[in-house]
Amino acid sequence: MTVFYRLSEIAAQLGGRVLGDTEVRISQIATLETAQPDQISFLTNSKYRAQLAETQAGAVILAEADADATGLPRIISDNPYAYFAKVSALLNPLPEVRPGVHPSAVIGTGAKIDATASIAATAVIGEGTKIGAHSVIGEGCCIGANVVIGSRARLYPRVVIYHDCVIGDNLIAHSGVVIGADGFGIAMDEGRWIKIPQIGRVVIGNDVEVGANTTIDRGALSDTVIEDGVKLDNQIQVAHNVHIGAHTAIAGCVGIAGSTTIGRYCRIGGSAGILGHLQIADHVEIAAFTLIGKSIREAGSYAGIFPFAKAEDWRRNSVHLRHLDDLAGRIKALEKQLESLSAESLKRE
Amino acid sequence: MTVFYRLSEIAAQLGGRVLGDTEVRISQIATLETAQPDQISFLTNSKYRAQLAETQAGAVILAEADADATGLPRIISDNPYAYFAKVSALLNPLPEVRPGVHPSAVIGTGAKIDATASIAATAVIGEGTKIGAHSVIGEGCCIGANVVIGSRARLYPRVVIYHDCVIGDNLIAHSGVVIGADGFGIAMDEGRWIKIPQIGRVVIGNDVEVGANTTIDRGALSDTVIEDGVKLDNQIQVAHNVHIGAHTAIAGCVGIAGSTTIGRYCRIGGSAGILGHLQIADHVEIAAFTLIGKSIREAGSYAGIFPFAKAEDWRRNSVHLRHLDDLAGRIKALEKQLESLSAESLKRE
Amino acid sequence: MTVFYRLSEIAAQLGGRVLGDTEVRISQIATLETAQPDQISFLTNSKYRAQLAETQAGAVILAEADADATGLPRIISDNPYAYFAKVSALLNPLPEVRPGVHPSAVIGTGAKIDATASIAATAVIGEGTKIGAHSVIGEGCCIGANVVIGSRARLYPRVVIYHDCVIGDNLIAHSGVVIGADGFGIAMDEGRWIKIPQIGRVVIGNDVEVGANTTIDRGALSDTVIEDGVKLDNQIQVAHNVHIGAHTAIAGCVGIAGSTTIGRYCRIGGSAGILGHLQIADHVEIAAFTLIGKSIREAGSYAGIFPFAKAEDWRRNSVHLRHLDDLAGRIKALEKQLESLSAESLKRE
């Protein structure tokens, strides 16, 4: 069975202006290069216009500026990339939730699982935990005691959420995610580390996605907070008492140290790091592989990356970094000498 | 039910000198900013003294130097931060262990599980494995064959320990930890990598904590060793045959390559890296985001971080890194020219 | 029971030339330093020749150049390191696979599990999924629907493979691996991120090893591809639509951003990063901790690491990085001034 939509039906659901044959049947979305006649493609950047001539796609999504760049059936949108996302969601709906608790799942005393929710095989739900409507708890997930998960959550297999955490609606958490493990709190006492109990929670808003193997630690005293619409990629580490503002997106392998506050609508590149107890303003963009070592008060783009080179060039150049202060001093000395030499030279004339 | 302690009872258990009302009732610990009258707070740095005037806390933990900085009921301690940790542990005891094996757990032939230990739902214990007194093996944990785990271990859900590993007392391992997976051992043979069997173990001392999703690989031939009191944060990678000295603390996302030995009482910042086959002395402190590329023989603080800046400033400055050797050469040339010019100028006088 | 091989039997199976007592009995492999008389050791680098005099090993594997460096029973090989790997595999065979499905495993409708395969306790196999001959699916693994896994795969406990992924023969996947989670695809739409469905798969060739807690995301539209013989260490992040060429080896904690293509026989050091949409040629070597920010068209070694130093030296030197452009400008100015001063000086003579 192949489901298809006519171009006119897509536009009826998602908006946009249709040009050309409105009745072309679309069953999938694909890139301009690979699309087939029953597939729709998209152009998000005018510089790839040339690909339009070659595409086999049955229809295309375009910006107004490119409306006449092809004769193919097309939908004109203000934001072709977002439109593409919506068409793809329309054509690729998530598998339907099968409500109910698998017989191999283990449900704690007093847990309240909505009748429309799905608890998969070998999942474990803690005592007193609430799972909201239409939520899916995947295979092997372990949800601790007294957790609250809102509606339409989708936890892929083997997610762990520790006790007392609070999760809004529409969470997507991929496999290996750990929410609410203890933060790294230790105090040195006569030659031994002693553990500081981590008694805060993790509190997550609505519409958050968390990538595979990402970890979000519970707070030491107060809570770790992830606001609405935050998107986290894989293998990110969010330490205790971090606060991430709404609609911030963070790429893979980023580490955020304890008690740092990140603003709204920030974008943080892969493998970046942010030290603890810092404030990052709204609308800050941080480049991949950059360590942020002090607070950023102003929106804008920030970076700090060592440029790569052929290994022998890197070696020859980087050795001077150990003597940069000396080099700077020598430049200053040269300037002084030259100044006095020029003065003498002038005198002599 | 709220449990509380009188200030005098806390001091009776944990030491310290009480000033002011010794009978104030304390049920929880909190920061100066958020504490309520039934809560105790703490001042670990005199520079935050001003917060003492504002706090609603019922009592405070202070250093001797700050003993008179408030009139609130207070406990004076040599080490207020460690004292805070101990008070928090007193007020927030771990949930009691419920001894026994959950019916959904799977126990291998010949496994020896202490009668006081707890094996949670869906956990799997390998053949011949020993679990010590009062240890808790969380939901979904998989412990391989012939593993030895000491007493009072607390494994949170979904920890994996591979076969033959040996673990001391009081291990805390958070969810997603993998102990004893194969090290990365491969040999190139006529255009193909062949695998080097990893026949060593992981041997862990007493009082070790391992954060969520941290991995510690088994040794190639001999063992990977983690000594007593080592504290590892989340998402750390410890490669095969690494040896970490007692009481060393390592922050999140650090990677340690194979066969490196790290001393005792080291502190390693987040996302740092240490190459393989190195020796790091005792009491070495390594900054976040620093790569250690050769052995460190001397205690002290080490760093190597590219300073971040506004992206356009970073771009303008960093481009010169590819020409640093040239810049250094031009400074040297200038110095020579200037020297000969000065000599001439002198001659002329 | 100790299994042993005579030196002659080893050479009969693995090749190489035997010198000295061919009948010495070998039961294990060890380093020169730790080997006992019933163990074989190896010398892979002539600079460690001195250790040969001290070793207690019963036999040694050597290169032709070192053939006369010891009187011990020995095997001469073109590639002693690969030979060592093969001897170790001979002496340390994997535990035998026990075919069959554990009663606590949950098998989806229509799954096809080869009769010689082993499905361990609490594993979950999705609907329509195929598991090939002699493959082992470890405890707590979750394999999604319609996955294909070839023969002789060895999945350690708690591996997750999402729906529709295709895996060749001989996969080794360590605990915590997640294959096929959604790539990080989001589009900004009127102040909110909307999710781009990730409808590609992960397709993995033969003879691939994936280290603990490594994540490989499924493609957005087309597939993420890992070719034959690729070896991935722990905690690596492979984003959507990455393509990794055959026999490339990647060390721990590396992050590879979306749609990047890496060539064959590359070697990538620990914690390195590669930005998205890049092309990396065959036989490229990338140093640890290096960010690759543009395509590499030519084989060779590349690096970009900030050299570490004592923290106070690092601070004193690194501050100039924020003024490097200014320093470079001052050098240029000095050169001009000096040139004009020299010209004047010349005129005067």
# chains A, B, ... in the order shown; residues from 1 in each chain; ligands from 1
>>> interface_residues(of="chain B", to="chain C", cutoff="6 Å", atoms="only C-alpha atoms", output="NGL selection string")
:B and (184 or 187 or 189 or 196-197 or 301-304 or 317)
>>> residues_around(residues="C:Ala12", least_positions_apart="5", cutoff="12 Å", atoms="only C-alpha atoms", output="ChimeraX atom specification")
/C:5-7,17-18,22,75,87
>>> atom_distance(atom1="atom CA of A:Thr215", atom2="atom CA of A:Val148")
18.2 Å
>>> closest_residue(among="A:Ile10, A:Val166, A:Ala50, A:Ala35", to="A:Val203", atoms="only C-alpha atoms")
A:Val166
>>> select_by_dssp(residues="stretch 2-239 of chain A", states="helix (DSSP H, G or I)", output="number ranges by chain")
A: 7-14, 46-48, 50-54, 64-66, 80-91
>>> closest_residue(among="B:Val106, B:Ile143, B:Ala220, B:Val159", to="A:Val178", atoms="only C-alpha atoms")
B:Val159
>>> residues_around(residues="stretch 56-60 of chain C", least_positions_apart="3", cutoff="10 Å", atoms="only C-alpha atoms", output="ChimeraX atom specification")
/C:7,18-22,24-27,29-43,52-53,67,70-76,80,84
>>> residues_around(residues="stretch 281-283 of chain A", least_positions_apart="4", cutoff="12 Å", atoms="only C-alpha atoms", output="MDAnalysis selection string")
(chainID A and resid 243:249 260:268 294:302) or (chainID C and resid 191)
>>> write_last_selection(atoms="N, CA and C atoms", output="PDB file, in the first residue's frame")
ATOM      1  N   HIS A 243      20.575  25.756  33.359  1.00  0.00           N
ATOM      2  CA  HIS A 243      19.262  26.240  32.929  1.00  0.00           C
ATOM      3  C   HIS A 243      19.385  26.594  31.448  1.00  0.00           C
ATOM      4  N   ILE A 244      18.621  25.907  30.622  1.00  0.00           N
ATOM      5  CA  ILE A 244      18.695  26.172  29.175  1.00  0.00           C
ATOM      6  C   ILE A 244      17.391  26.826  28.737  1.00  0.00           C
ATOM      7  N   GLY A 245      17.533  28.018  28.133  1.00  0.00           N
ATOM      8  CA  GLY A 245      16.371  28.806  27.739  1.00  0.00           C
ATOM      9  C   GLY A 245      15.635  28.221  26.541  1.00  0.00           C
ATOM     10  N   ALA A 246      14.407  28.649  26.406  1.00  0.00           N
ATOM     11  CA  ALA A 246      13.503  28.104  25.389  1.00  0.00           C
ATOM     12  C   ALA A 246      14.082  28.220  23.979  1.00  0.00           C
ATOM     13  N   HIS A 247      13.842  27.180  23.179  1.00  0.00           N
ATOM     14  CA  HIS A 247      14.156  27.173  21.747  1.00  0.00           C
ATOM     15  C   HIS A 247      15.654  27.254  21.445  1.00  0.00           C
ATOM     16  N   THR A 248      16.459  26.944  22.409  1.00  0.00           N
ATOM     17  CA  THR A 248      17.897  26.841  22.148  1.00  0.00           C
ATOM     18  C   THR A 248      18.195  25.465  21.563  1.00  0.00           C
ATOM     19  N   ALA A 249      19.106  25.436  20.571  1.00  0.00           N
ATOM     20  CA  ALA A 249      19.460  24.168  19.909  1.00  0.00           C
ATOM     21  C   ALA A 249      20.947  23.898  20.099  1.00  0.00           C
ATOM     22  N   THR A 260      25.425  26.807  34.994  1.00  0.00           N
ATOM     23  CA  THR A 260      25.444  27.785  33.899  1.00  0.00           C
ATOM     24  C   THR A 260      24.040  28.004  33.366  1.00  0.00           C
ATOM     25  N   THR A 261      23.746  29.268  33.030  1.00  0.00           N
ATOM     26  CA  THR A 261      22.453  29.614  32.453  1.00  0.00           C
ATOM     27  C   THR A 261      22.656  30.018  31.001  1.00  0.00           C
ATOM     28  N   ILE A 262      21.923  29.356  30.124  1.00  0.00           N
ATOM     29  CA  ILE A 262      22.003  29.645  28.690  1.00  0.00           C
ATOM     30  C   ILE A 262      20.686  30.277  28.282  1.00  0.00           C
ATOM     31  N   GLY A 263      20.767  31.318  27.450  1.00  0.00           N
ATOM     32  CA  GLY A 263      19.576  32.066  27.080  1.00  0.00           C
ATOM     33  C   GLY A 263      18.670  31.345  26.095  1.00  0.00           C
ATOM     34  N   ARG A 264      17.703  32.075  25.605  1.00  0.00           N
ATOM     35  CA  ARG A 264      16.739  31.566  24.644  1.00  0.00           C
ATOM     36  C   ARG A 264      17.298  31.726  23.226  1.00  0.00           C
ATOM     37  N   TYR A 265      16.866  30.828  22.338  1.00  0.00           N
ATOM     38  CA  TYR A 265      17.251  30.918  20.926  1.00  0.00           C
ATOM     39  C   TYR A 265      18.749  30.953  20.703  1.00  0.00           C
ATOM     40  N   CYS A 266      19.505  30.296  21.554  1.00  0.00           N
ATOM     41  CA  CYS A 266      20.936  30.157  21.284  1.00  0.00           C
ATOM     42  C   CYS A 266      21.167  28.959  20.366  1.00  0.00           C
ATOM     43  N   ARG A 267      22.304  28.956  19.689  1.00  0.00           N
ATOM     44  CA  ARG A 267      22.701  27.815  18.859  1.00  0.00           C
ATOM     45  C   ARG A 267      24.154  27.498  19.184  1.00  0.00           C
ATOM     46  N   ILE A 268      24.375  26.275  19.610  1.00  0.00           N
ATOM     47  CA  ILE A 268      25.706  25.896  20.086  1.00  0.00           C
ATOM     48  C   ILE A 268      26.222  24.759  19.216  1.00  0.00           C
ATOM     49  N   LYS A 294      34.011  32.527  29.911  1.00  0.00           N
ATOM     50  CA  LYS A 294      33.357  33.556  30.733  1.00  0.00           C
ATOM     51  C   LYS A 294      32.000  33.909  30.143  1.00  0.00           C
ATOM     52  N   SER A 295      31.231  34.631  30.928  1.00  0.00           N
ATOM     53  CA  SER A 295      29.853  34.928  30.528  1.00  0.00           C
ATOM     54  C   SER A 295      29.808  35.749  29.245  1.00  0.00           C
ATOM     55  N   ILE A 296      28.752  35.567  28.484  1.00  0.00           N
ATOM     56  CA  ILE A 296      28.527  36.332  27.255  1.00  0.00           C
ATOM     57  C   ILE A 296      27.268  37.149  27.473  1.00  0.00           C
ATOM     58  N   ARG A 297      27.416  38.455  27.471  1.00  0.00           N
ATOM     59  CA  ARG A 297      26.296  39.339  27.820  1.00  0.00           C
ATOM     60  C   ARG A 297      25.554  39.831  26.596  1.00  0.00           C
ATOM     61  N   GLU A 298      26.127  39.611  25.410  1.00  0.00           N
ATOM     62  CA  GLU A 298      25.620  40.250  24.202  1.00  0.00           C
ATOM     63  C   GLU A 298      25.327  39.197  23.132  1.00  0.00           C
ATOM     64  N   ALA A 299      24.187  39.304  22.474  1.00  0.00           N
ATOM     65  CA  ALA A 299      23.879  38.402  21.375  1.00  0.00           C
ATOM     66  C   ALA A 299      24.961  38.505  20.313  1.00  0.00           C
ATOM     67  N   GLY A 300      25.142  37.464  19.537  1.00  0.00           N
ATOM     68  CA  GLY A 300      26.155  37.492  18.488  1.00  0.00           C
ATOM     69  C   GLY A 300      26.831  36.148  18.343  1.00  0.00           C
ATOM     70  N   SER A 301      27.793  36.100  17.417  1.00  0.00           N
ATOM     71  CA  SER A 301      28.510  34.849  17.145  1.00  0.00           C
ATOM     72  C   SER A 301      29.877  34.863  17.805  1.00  0.00           C
ATOM     73  N   TYR A 302      30.219  33.741  18.422  1.00  0.00           N
ATOM     74  CA  TYR A 302      31.482  33.636  19.153  1.00  0.00           C
ATOM     75  C   TYR A 302      32.212  32.375  18.713  1.00  0.00           C
TER      76      TYR A 302
ATOM     77  N   GLY C 191       9.628  31.113  15.042  1.00  0.00           N
ATOM     78  CA  GLY C 191      10.038  31.111  16.441  1.00  0.00           C
ATOM     79  C   GLY C 191      10.032  29.762  17.128  1.00  0.00           C
TER      80      GLY C 191
END
>>> select_by_dssp(residues="stretch 159-322 of chain A", states="strand (DSSP E)", output="PyMOL selection string")
chain A and resi 160-161+166-167+172-173+178-181+186-189+192-195+202-204+209-210+215-217+224-226+231-232+237-238+243-244+249-250+255-256+261-262+267-268+273-274+279-280+284-286+291-292+300-303+309-310
>>> residues_around(residues="stretch 131-133 of chain B", least_positions_apart="4", cutoff="10 Å", atoms="only C-alpha atoms", output="PyMOL selection string")
chain B and resi 99+111-119+125+137+143+147-153+167-170
